[in-house]
Amino acid sequence: MSLKNLGILLALAALWGASFLYIRVAVSEVGPVFLVWLRVGIALLTLLAYAFLLKIPFTIKKDHAKYYLLGLMNTALPFVLISYAEVHITSSFAAILNATTPLFTAVVARVWLKEMFTVQKVLGLLIGFVGVCVLVGWSPMELNLVTVLAISASLLAALFYGLGSTYAKKTFDVSPLSLSIGQLLGATVCILPFATLDVPANLPSLPVTLSIMALAILSTAFAYLLYFRLLRDVGPTQTNYVTMLVPAFGVIWGMMFLNEPITTGTVIGMFLILVSVLFFSNLPMFKRKKATDDHVA
């Protein structure tokens, strides 16, 4: 990976990590469902404007029902679940829990696509489970029904991301831009009836309005464009390293702008979860090099 692409990777991780900060700022004033509808709707308009202005072709004319299902699984439901969770837990805590997405994706792919589990992946699952237990059990938060439901919502969102990405891999063979526009359109349509029931009584304040715009334009639409660039230049394996960086940025932004505490449990739990993600990153951690690789002629 070149320095330029490494910079893009770090920018993408920073933008996705900041999304948890923006949600935390806006959700209590706007409500989780209406916030997500604004997020996906504005992001959809931004990507459409980008495609039309630069004359980039995309197609969503067929398979509308499949795009709606993808938008529901991979965008609307996880976005709402994360937004609901952040009413009751910190943005940094939610960002770390969301790092379990590759673990859930591996389980879904094993069941749905019959992908084999290696020793490396089994160890990754076990380490990830321990990491979540440490993060939750060693947290200064009071574990009551509300916080348990919020933590469960964050983990359920990671599961839906796993279902959505696996469904996309199995179902679609289109460009990343077409796939993103299609799923954002599907999410916008699916969530609209529920958003009308969650309209806030008052106009949002200026900080909330800015957070919504940043969430939609920067952390959703613009982040997708960076993601497309990395997929094209370095491929999916190296692009997926962003998963290991997002929670770190989520913790940093929460600490800097919301004064969220960083405890020993937070650090250890995040470390274990990131190690588990590393086990799923296709690195040949347990493969022995060939004999010819051990000596240089």
# chains A, B, ... in the order shown; residues from 1 in each chain; ligands from 1
call {"tool": "select_by_dssp", "arguments": {"residues": "range 33-230 of chain A", "states": "helix (DSSP H, G or I)", "output": "MDAnalysis selection string"}}
result
chainID A and resid 33:53 64:85 91:98 101:112 119:137 145:171 176:195 206:230
call {"tool": "residues_around", "arguments": {"residues": "Val27 in chain A", "least_positions_apart": "6", "cutoff": "7 Å", "atoms": "only C-alpha atoms", "output": "ChimeraX atom specification"}}
result
/A:35,83,87
call {"tool": "closest_residue", "arguments": {"among": "A:Met256, A:Leu177, A:Phe34, A:Ser154", "to": "Phe222 in chain A", "atoms": "only C-alpha atoms"}}
result
A:Leu177
call {"tool": "residues_around", "arguments": {"residues": "Met244 in chain A", "least_positions_apart": "4", "cutoff": "8 Å", "atoms": "only C-alpha atoms", "output": "list in words"}}
result
Ala99, Ala248, Leu274, Val277 and Leu278 of chain A
call {"tool": "write_last_selection", "arguments": {"atoms": "C-alpha atoms", "output": "mmCIF file, in the first residue's frame"}}
result
data_model
loop_
_atom_site.group_PDB
_atom_site.id
_atom_site.type_symbol
_atom_site.label_atom_id
_atom_site.label_comp_id
_atom_site.auth_asym_id
_atom_site.auth_seq_id
_atom_site.Cartn_x
_atom_site.Cartn_y
_atom_site.Cartn_z
ATOM 1 C CA ALA A 99 -15.701 -3.717 15.453
ATOM 2 C CA ALA A 248 -9.554 3.598 17.717
ATOM 3 C CA LEU A 274 -8.865 -5.757 17.313
ATOM 4 C CA VAL A 277 -10.255 -8.921 13.751
ATOM 5 C CA LEU A 278 -6.591 -9.332 12.785
#
call {"tool": "residues_around", "arguments": {"residues": "range 186-197 of chain A", "least_positions_apart": "6", "cutoff": "8 Å", "atoms": "only C-alpha atoms", "output": "PyMOL selection string"}}
result
chain A and resi 33-34+37+40-41+64+67-72+75-76
call {"tool": "residues_around", "arguments": {"residues": "Pro102 in chain A", "least_positions_apart": "4", "cutoff": "9 Å", "atoms": "only C-alpha atoms", "output": "JSON, numbers by chain"}}
result
{"A": [106, 107, 158, 161, 162, 243, 277, 280, 281]}
call {"tool": "write_last_selection", "arguments": {"atoms": "all heavy atoms", "output": "PDB file, in the first residue's frame"}}
result
ATOM      1  N   ALA A 106     -18.114 -13.568   9.481  1.00  0.00           N
ATOM      2  CA  ALA A 106     -17.521 -14.889   9.297  1.00  0.00           C
ATOM      3  C   ALA A 106     -18.510 -15.993   9.657  1.00  0.00           C
ATOM      4  O   ALA A 106     -18.601 -17.017   8.969  1.00  0.00           O
ATOM      5  CB  ALA A 106     -16.258 -15.017  10.149  1.00  0.00           C
ATOM      6  N   VAL A 107     -19.270 -15.784  10.736  1.00  0.00           N
ATOM      7  CA  VAL A 107     -20.257 -16.784  11.141  1.00  0.00           C
ATOM      8  C   VAL A 107     -21.366 -16.887  10.092  1.00  0.00           C
ATOM      9  O   VAL A 107     -21.793 -17.992   9.711  1.00  0.00           O
ATOM     10  CB  VAL A 107     -20.844 -16.426  12.520  1.00  0.00           C
ATOM     11  CG1 VAL A 107     -21.988 -17.376  12.875  1.00  0.00           C
ATOM     12  CG2 VAL A 107     -19.766 -16.485  13.588  1.00  0.00           C
ATOM     13  N   ALA A 158     -24.078  -5.178  14.266  1.00  0.00           N
ATOM     14  CA  ALA A 158     -22.920  -5.851  13.649  1.00  0.00           C
ATOM     15  C   ALA A 158     -23.357  -7.128  12.934  1.00  0.00           C
ATOM     16  O   ALA A 158     -22.853  -7.451  11.848  1.00  0.00           O
ATOM     17  CB  ALA A 158     -21.874  -6.159  14.714  1.00  0.00           C
ATOM     18  N   TYR A 161     -24.920  -6.141   9.666  1.00  0.00           N
ATOM     19  CA  TYR A 161     -23.871  -5.819   8.691  1.00  0.00           C
ATOM     20  C   TYR A 161     -23.309  -7.099   8.073  1.00  0.00           C
ATOM     21  O   TYR A 161     -23.039  -7.161   6.861  1.00  0.00           O
ATOM     22  CB  TYR A 161     -22.737  -5.039   9.358  1.00  0.00           C
ATOM     23  CG  TYR A 161     -23.002  -3.565   9.546  1.00  0.00           C
ATOM     24  CD1 TYR A 161     -22.702  -2.930  10.749  1.00  0.00           C
ATOM     25  CD2 TYR A 161     -23.535  -2.797   8.512  1.00  0.00           C
ATOM     26  CE1 TYR A 161     -22.936  -1.575  10.931  1.00  0.00           C
ATOM     27  CE2 TYR A 161     -23.774  -1.443   8.684  1.00  0.00           C
ATOM     28  CZ  TYR A 161     -23.471  -0.840   9.896  1.00  0.00           C
ATOM     29  OH  TYR A 161     -23.704   0.508  10.062  1.00  0.00           O
ATOM     30  N   GLY A 162     -23.120  -8.125   8.901  1.00  0.00           N
ATOM     31  CA  GLY A 162     -22.650  -9.397   8.380  1.00  0.00           C
ATOM     32  C   GLY A 162     -23.640 -10.021   7.415  1.00  0.00           C
ATOM     33  O   GLY A 162     -23.261 -10.532   6.349  1.00  0.00           O
ATOM     34  N   THR A 243     -11.401  -1.695   9.371  1.00  0.00           N
ATOM     35  CA  THR A 243     -12.190  -2.194  10.496  1.00  0.00           C
ATOM     36  C   THR A 243     -11.417  -2.119  11.801  1.00  0.00           C
ATOM     37  O   THR A 243     -11.995  -1.911  12.871  1.00  0.00           O
ATOM     38  CB  THR A 243     -12.612  -3.662  10.238  1.00  0.00           C
ATOM     39  OG1 THR A 243     -13.213  -3.752   8.958  1.00  0.00           O
ATOM     40  CG2 THR A 243     -13.593  -4.145  11.279  1.00  0.00           C
ATOM     41  N   VAL A 277     -10.032  -9.355  15.129  1.00  0.00           N
ATOM     42  CA  VAL A 277     -10.255  -8.921  13.751  1.00  0.00           C
ATOM     43  C   VAL A 277      -9.022  -9.210  12.899  1.00  0.00           C
ATOM     44  O   VAL A 277      -9.127  -9.609  11.735  1.00  0.00           O
ATOM     45  CB  VAL A 277     -10.619  -7.419  13.703  1.00  0.00           C
ATOM     46  CG1 VAL A 277     -10.676  -6.915  12.264  1.00  0.00           C
ATOM     47  CG2 VAL A 277     -11.944  -7.176  14.403  1.00  0.00           C
ATOM     48  N   PHE A 280      -8.934 -12.439  11.321  1.00  0.00           N
ATOM     49  CA  PHE A 280      -9.832 -12.615  10.182  1.00  0.00           C
ATOM     50  C   PHE A 280      -9.372 -11.842   8.948  1.00  0.00           C
ATOM     51  O   PHE A 280     -10.084 -11.773   7.954  1.00  0.00           O
ATOM     52  CB  PHE A 280     -11.243 -12.146  10.545  1.00  0.00           C
ATOM     53  CG  PHE A 280     -11.998 -13.119  11.381  1.00  0.00           C
ATOM     54  CD1 PHE A 280     -11.872 -13.111  12.755  1.00  0.00           C
ATOM     55  CD2 PHE A 280     -12.824 -14.061  10.802  1.00  0.00           C
ATOM     56  CE1 PHE A 280     -12.563 -14.014  13.543  1.00  0.00           C
ATOM     57  CE2 PHE A 280     -13.512 -14.974  11.580  1.00  0.00           C
ATOM     58  CZ  PHE A 280     -13.386 -14.955  12.951  1.00  0.00           C
ATOM     59  N   SER A 281      -8.181 -11.262   8.990  1.00  0.00           N
ATOM     60  CA  SER A 281      -7.744 -10.360   7.923  1.00  0.00           C
ATOM     61  C   SER A 281      -6.972 -11.060   6.814  1.00  0.00           C
ATOM     62  O   SER A 281      -6.307 -10.410   6.020  1.00  0.00           O
ATOM     63  CB  SER A 281      -6.878  -9.240   8.509  1.00  0.00           C
ATOM     64  OG  SER A 281      -5.716  -9.787   9.107  1.00  0.00           O
TER      65      SER A 281
END
call {"tool": "closest_residue", "arguments": {"among": "A:Phe104, A:Phe279, A:Phe20, A:Phe160", "to": "Ile212 in chain A", "atoms": "only C-alpha atoms"}}
result
A:Phe20
call {"tool": "closest_residue", "arguments": {"among": "A:Asn5, A:Ser152, A:Ser219, A:Ser180", "to": "Ile23 in chain A", "atoms": "only C-alpha atoms"}}
result
A:Ser219
call {"tool": "residues_around", "arguments": {"residues": "Phe249 in chain A", "least_positions_apart": "2", "cutoff": "7 Å", "atoms": "only C-alpha atoms", "output": "PDB file with N, CA and C atoms, in the first residue's frame"}}
result
ATOM      1  N   ALA A  13     -11.034   5.700   7.988  1.00  0.00           N
ATOM      2  CA  ALA A  13     -11.232   5.252   9.367  1.00  0.00           C
ATOM      3  C   ALA A  13     -11.633   6.415  10.273  1.00  0.00           C
ATOM      4  N   ALA A  14     -11.024   7.576  10.050  1.00  0.00           N
ATOM      5  CA  ALA A  14     -11.365   8.751  10.852  1.00  0.00           C
ATOM      6  C   ALA A  14     -12.806   9.182  10.611  1.00  0.00           C
ATOM      7  N   GLY A  17     -15.088   6.521  12.116  1.00  0.00           N
ATOM      8  CA  GLY A  17     -15.018   6.640  13.570  1.00  0.00           C
ATOM      9  C   GLY A  17     -15.774   7.850  14.076  1.00  0.00           C
ATOM     10  N   LEU A 245      -9.149   0.139  12.502  1.00  0.00           N
ATOM     11  CA  LEU A 245      -8.815   1.520  12.838  1.00  0.00           C
ATOM     12  C   LEU A 245     -10.019   2.333  13.298  1.00  0.00           C
ATOM     13  N   VAL A 246     -11.227   1.963  12.830  1.00  0.00           N
ATOM     14  CA  VAL A 246     -12.433   2.733  13.149  1.00  0.00           C
ATOM     15  C   VAL A 246     -12.655   2.856  14.656  1.00  0.00           C
ATOM     16  N   PRO A 247     -12.619   1.759  15.438  1.00  0.00           N
ATOM     17  CA  PRO A 247     -12.865   1.918  16.876  1.00  0.00           C
ATOM     18  C   PRO A 247     -11.829   2.792  17.570  1.00  0.00           C
ATOM     19  N   VAL A 251     -12.893   6.064  19.691  1.00  0.00           N
ATOM     20  CA  VAL A 251     -12.489   6.347  21.068  1.00  0.00           C
ATOM     21  C   VAL A 251     -11.823   7.711  21.163  1.00  0.00           C
ATOM     22  N   ILE A 252     -10.954   8.030  20.208  1.00  0.00           N
ATOM     23  CA  ILE A 252     -10.240   9.313  20.226  1.00  0.00           C
ATOM     24  C   ILE A 252     -11.211  10.481  20.110  1.00  0.00           C
ATOM     25  N   TRP A 253     -12.139  10.415  19.148  1.00  0.00           N
ATOM     26  CA  TRP A 253     -13.100  11.512  18.968  1.00  0.00           C
ATOM     27  C   TRP A 253     -13.997  11.653  20.198  1.00  0.00           C
TER      28      TRP A 253
END
call {"tool": "closest_residue", "arguments": {"among": "A:Ala18, A:Met141, A:Val208, A:Ile60", "to": "Gly31 in chain A", "atoms": "only C-alpha atoms"}}
result
A:Val208
call {"tool": "closest_residue", "arguments": {"among": "A:Leu77, A:Ile96, A:Met213, A:Leu45", "to": "Gly128 in chain A", "atoms": "only C-alpha atoms"}}
result
A:Ile96
call {"tool": "residues_around", "arguments": {"residues": "Lys169 in chain A", "least_positions_apart": "6", "cutoff": "10 Å", "atoms": "only C-alpha atoms", "output": "compact mmCIF listing (two decimals) with C-alpha atoms, in the first residue's frame"}}
result
# COMPACT_ATOMS: atom_id res chain seq x y z
CA ALA A 109 -20.63 -16.70 5.68
CA LEU A 113 -22.02 -19.56 1.94
CA LEU A 163 -25.96 -10.50 6.87
call {"tool": "closest_residue", "arguments": {"among": "A:Ser19, A:Asn144, A:Ser205, A:Thr166", "to": "Glu115 in chain A", "atoms": "only C-alpha atoms"}}
result
A:Thr166
call {"tool": "atom_distance", "arguments": {"atom1": "CA of Thr118 in chain A", "atom2": "CA of Leu97 in chain A"}}
result
23.5 Å
